[in-house]
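Below: the structure, in structure tokens.
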Amino acid sequence: MIPGMELTTCEEVHVLCYFTALADAMAFDAYVAAHLLPVANNPAIFGNQLLCNEQDEICGSCDPLLISSTDISFFRLAPLLADYHGIMVPAHIDKHSNSLISQLGFVPEGIDFPYFKVHDMASAEGLRERFPALRDVPALCSSDAHRLEGLHEREFFIARTPESCLPFRSGTGKISL
């Protein structure tokens, strides 16, 4: 397991944040909680935000509205995540909403992200051609599904043994998958 979360920046860019350890992810979660917009969830409109334990049993609910953006900027995120032993992966950049490209209109140079994530792997090469900052960045692919019927079949996966997922740091101190 690789601990992580999806974060919405103040620019409304969705970013996947991955961490070397669950403790790092939980510490970053506490930081993010303090940077959410102060809006309560309305379950009648947005649905329940349930907390589940490791047996997938409901053990509570979350009151702040988690789909809203934070006040954390995309441009500050990489160094912030490094403080928590994490990396950023711009999410579903081939989609027309809440992606790096849809929100900013470009891929900024000099932002440290070791991967970008697409919904459709066929779009990755075209994105690399349009945006030079992506040329040497590997793409990850997943469905970004919010319903079971939207899940991709297991065509794309990271083949790792449980032992190799524990310290996914390289000798340079950078996190790698």
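Just so we're on the same page: first chain in the structure tokens is A, next is B, and so on; residues restart at 1 for each chain, and ligands are numbered from 1 in the order they show up.
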I need the residues of chain A that end up classed as helix (DSSP H, G or I) by DSSP on the backbone, written out as a PyMOL selection string. chain A and resi 22-33+43-46+74-83+100-104+121-130+132-134+148-150+162-165
If you take only C-alpha atoms and a cut-off of 9 Å, which residues of stretch 63-83 of chain A touch stretch 46-58 of chain A, and what are their nearest atom pairs and distances in Å to one decimal, in chain and number order, as CSV?
```
residue,atom,partner,partner_atom,distance
A:Asp63,CA,A:Gln49,CA,7.6
A:Pro64,CA,A:Gln49,CA,8.9
A:Leu65,CA,A:Gln49,CA,8.3
A:Leu66,CA,A:Gln49,CA,8.0
A:Ile67,CA,A:Phe46,CA,8.8
```
Rounded to one decimal, what separation in Å do you get between atom CA of A:Ala34 and atom CA of A:His96?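 Between atom CA of A:Ala34 and atom CA of A:His96 the gap is 28.6 Å.
Of the residues listed (A:Leu134, A:Leu81, A:Ala124, A:Ile93), A:Leu134 shows the shortest atom-to-atom separation from A:Gly110; distances use only C-alpha atoms.
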Counting only C-alpha atoms, the option among A:Asp136, A:Asp94, A:Glu6, A:Asp71 closest to A:His119: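 For A:His119, the nearest of the given residues is A:Asp94.
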In Å, how far is it from atom CA of A:Ala78 to atom CA of A:Phe113? 7.1 Å
Taking only C-alpha atoms into account, name the residue in A:Ile45, A:Ala40, A:Ile87, A:Ala33 that is nearest to A:Tyr18. A:Ile87
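Once A:Pro3 and its same-chain neighbours fewer than 4 positions away are set aside, Tyr18, Phe19, Thr20, Ala21, Leu22 and Ala25 of chain A remain within 8 Å of it when counting only C-alpha atoms.
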Pick from A:Ser102, A:Asp112, A:Glu129, A:Glu11, whichever lies nearest to A:Ala82 using only C-alpha atoms: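 With only C-alpha atoms as the atom set, the closest residue is A:Asp112.
Computed from the coordinates, the atom CA of A:Pro43 to atom CA of A:Glu12 distance equals 21.9 Å.
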8 Å contact set for A:Leu140, only C-alpha atoms, chain neighbours under 3 positions out, as a VMD selection string: chain A and resid 115 to 118 121
For the selection you just gave me, I'd like the residues written to a file as a PDB file, in the first residue's frame, keeping all heavy atoms.
```
ATOM      1  N   TYR A 115       5.688  12.227 -11.778  1.00  0.00           N
ATOM      2  CA  TYR A 115       4.707  11.549 -12.623  1.00  0.00           C
ATOM      3  C   TYR A 115       3.556  12.506 -12.882  1.00  0.00           C
ATOM      4  O   TYR A 115       3.341  13.452 -12.132  1.00  0.00           O
ATOM      5  CB  TYR A 115       4.121  10.298 -11.938  1.00  0.00           C
ATOM      6  CG  TYR A 115       5.154   9.322 -11.467  1.00  0.00           C
ATOM      7  CD1 TYR A 115       5.638   9.373 -10.164  1.00  0.00           C
ATOM      8  CD2 TYR A 115       5.652   8.333 -12.319  1.00  0.00           C
ATOM      9  CE1 TYR A 115       6.600   8.478  -9.722  1.00  0.00           C
ATOM     10  CE2 TYR A 115       6.610   7.436 -11.889  1.00  0.00           C
ATOM     11  CZ  TYR A 115       7.084   7.515 -10.591  1.00  0.00           C
ATOM     12  OH  TYR A 115       8.032   6.634 -10.164  1.00  0.00           O
ATOM     13  N   PHE A 116       2.801  12.250 -13.921  1.00  0.00           N
ATOM     14  CA  PHE A 116       1.497  12.885 -14.091  1.00  0.00           C
ATOM     15  C   PHE A 116       0.496  11.763 -14.341  1.00  0.00           C
ATOM     16  O   PHE A 116       0.851  10.690 -14.815  1.00  0.00           O
ATOM     17  CB  PHE A 116       1.482  13.947 -15.199  1.00  0.00           C
ATOM     18  CG  PHE A 116       1.728  13.450 -16.595  1.00  0.00           C
ATOM     19  CD1 PHE A 116       0.672  13.067 -17.416  1.00  0.00           C
ATOM     20  CD2 PHE A 116       3.012  13.382 -17.108  1.00  0.00           C
ATOM     21  CE1 PHE A 116       0.898  12.623 -18.717  1.00  0.00           C
ATOM     22  CE2 PHE A 116       3.251  12.943 -18.408  1.00  0.00           C
ATOM     23  CZ  PHE A 116       2.193  12.561 -19.220  1.00  0.00           C
ATOM     24  N   LYS A 117      -0.764  12.004 -13.976  1.00  0.00           N
ATOM     25  CA  LYS A 117      -1.783  10.964 -14.079  1.00  0.00           C
ATOM     26  C   LYS A 117      -2.801  11.340 -15.141  1.00  0.00           C
ATOM     27  O   LYS A 117      -3.228  12.491 -15.224  1.00  0.00           O
ATOM     28  CB  LYS A 117      -2.477  10.781 -12.735  1.00  0.00           C
ATOM     29  CG  LYS A 117      -3.363   9.552 -12.709  1.00  0.00           C
ATOM     30  CD  LYS A 117      -4.634   9.887 -11.981  1.00  0.00           C
ATOM     31  CE  LYS A 117      -5.788   9.265 -12.644  1.00  0.00           C
ATOM     32  NZ  LYS A 117      -6.907   9.947 -13.028  1.00  0.00           N
ATOM     33  N   VAL A 118      -3.133  10.364 -15.970  1.00  0.00           N
ATOM     34  CA  VAL A 118      -4.143  10.552 -17.003  1.00  0.00           C
ATOM     35  C   VAL A 118      -5.282   9.557 -16.802  1.00  0.00           C
ATOM     36  O   VAL A 118      -5.104   8.511 -16.181  1.00  0.00           O
ATOM     37  CB  VAL A 118      -3.546  10.393 -18.426  1.00  0.00           C
ATOM     38  CG1 VAL A 118      -2.587  11.517 -18.751  1.00  0.00           C
ATOM     39  CG2 VAL A 118      -2.879   9.038 -18.608  1.00  0.00           C
ATOM     40  N   MET A 121      -4.607   6.481 -21.112  1.00  0.00           N
ATOM     41  CA  MET A 121      -3.167   6.406 -21.419  1.00  0.00           C
ATOM     42  C   MET A 121      -2.867   6.843 -22.851  1.00  0.00           C
ATOM     43  O   MET A 121      -1.787   7.349 -23.129  1.00  0.00           O
ATOM     44  CB  MET A 121      -2.641   4.991 -21.159  1.00  0.00           C
ATOM     45  CG  MET A 121      -1.130   4.896 -21.209  1.00  0.00           C
ATOM     46  SD  MET A 121      -0.292   5.986 -20.031  1.00  0.00           S
ATOM     47  CE  MET A 121       0.035   4.839 -18.718  1.00  0.00           C
TER      48      MET A 121
END
```
Based on the backbone DSSP call, show me all residues of stretch 1-174 of chain A assigned strand (DSSP E), as an MDAnalysis selection string. chainID A and resid 4:8 14:19 50:52 58:61 86:90 116:118 139:141
Could you write out the selected residues, including C-alpha atoms, as a PDB file, in the first residue's frame?
```
ATOM      1  CA  GLY A   4      -1.936   9.060  -0.267  1.00  0.00           C
ATOM      2  CA  MET A   5      -4.724  11.567  -0.790  1.00  0.00           C
ATOM      3  CA  GLU A   6      -6.220  13.676  -3.534  1.00  0.00           C
ATOM      4  CA  LEU A   7      -5.942  17.386  -2.798  1.00  0.00           C
ATOM      5  CA  THR A   8      -7.693  20.311  -4.488  1.00  0.00           C
ATOM      6  CA  HIS A  14      -6.566  18.114  -8.378  1.00  0.00           C
ATOM      7  CA  VAL A  15      -3.254  16.641  -7.227  1.00  0.00           C
ATOM      8  CA  LEU A  16      -2.483  13.166  -5.930  1.00  0.00           C
ATOM      9  CA  CYS A  17      -0.157  13.249  -2.929  1.00  0.00           C
ATOM     10  CA  TYR A  18       1.795  10.076  -2.108  1.00  0.00           C
ATOM     11  CA  PHE A  19       3.863   9.442   1.028  1.00  0.00           C
ATOM     12  CA  LEU A  50     -18.002   8.297   6.103  1.00  0.00           C
ATOM     13  CA  LEU A  51     -14.959   7.184   8.058  1.00  0.00           C
ATOM     14  CA  CYS A  52     -14.242   3.453   7.876  1.00  0.00           C
ATOM     15  CA  ILE A  58     -18.287   2.652   9.379  1.00  0.00           C
ATOM     16  CA  CYS A  59     -16.810   4.256  12.480  1.00  0.00           C
ATOM     17  CA  GLY A  60     -17.832   7.894  12.043  1.00  0.00           C
ATOM     18  CA  SER A  61     -18.390  10.733   9.636  1.00  0.00           C
ATOM     19  CA  GLY A  86       5.734  13.096  -0.087  1.00  0.00           C
ATOM     20  CA  ILE A  87       5.473  13.684  -3.803  1.00  0.00           C
ATOM     21  CA  MET A  88       2.838  15.346  -5.979  1.00  0.00           C
ATOM     22  CA  VAL A  89       1.256  13.865  -9.095  1.00  0.00           C
ATOM     23  CA  PRO A  90      -1.049  16.192 -11.063  1.00  0.00           C
ATOM     24  CA  PHE A 116       1.497  12.885 -14.091  1.00  0.00           C
ATOM     25  CA  LYS A 117      -1.783  10.964 -14.079  1.00  0.00           C
ATOM     26  CA  VAL A 118      -4.143  10.552 -17.003  1.00  0.00           C
ATOM     27  CA  ALA A 139       2.474   8.914 -16.969  1.00  0.00           C
ATOM     28  CA  LEU A 140       0.300   6.924 -14.574  1.00  0.00           C
ATOM     29  CA  CYS A 141      -3.180   5.878 -15.639  1.00  0.00           C
TER      30      CYS A 141
END
```
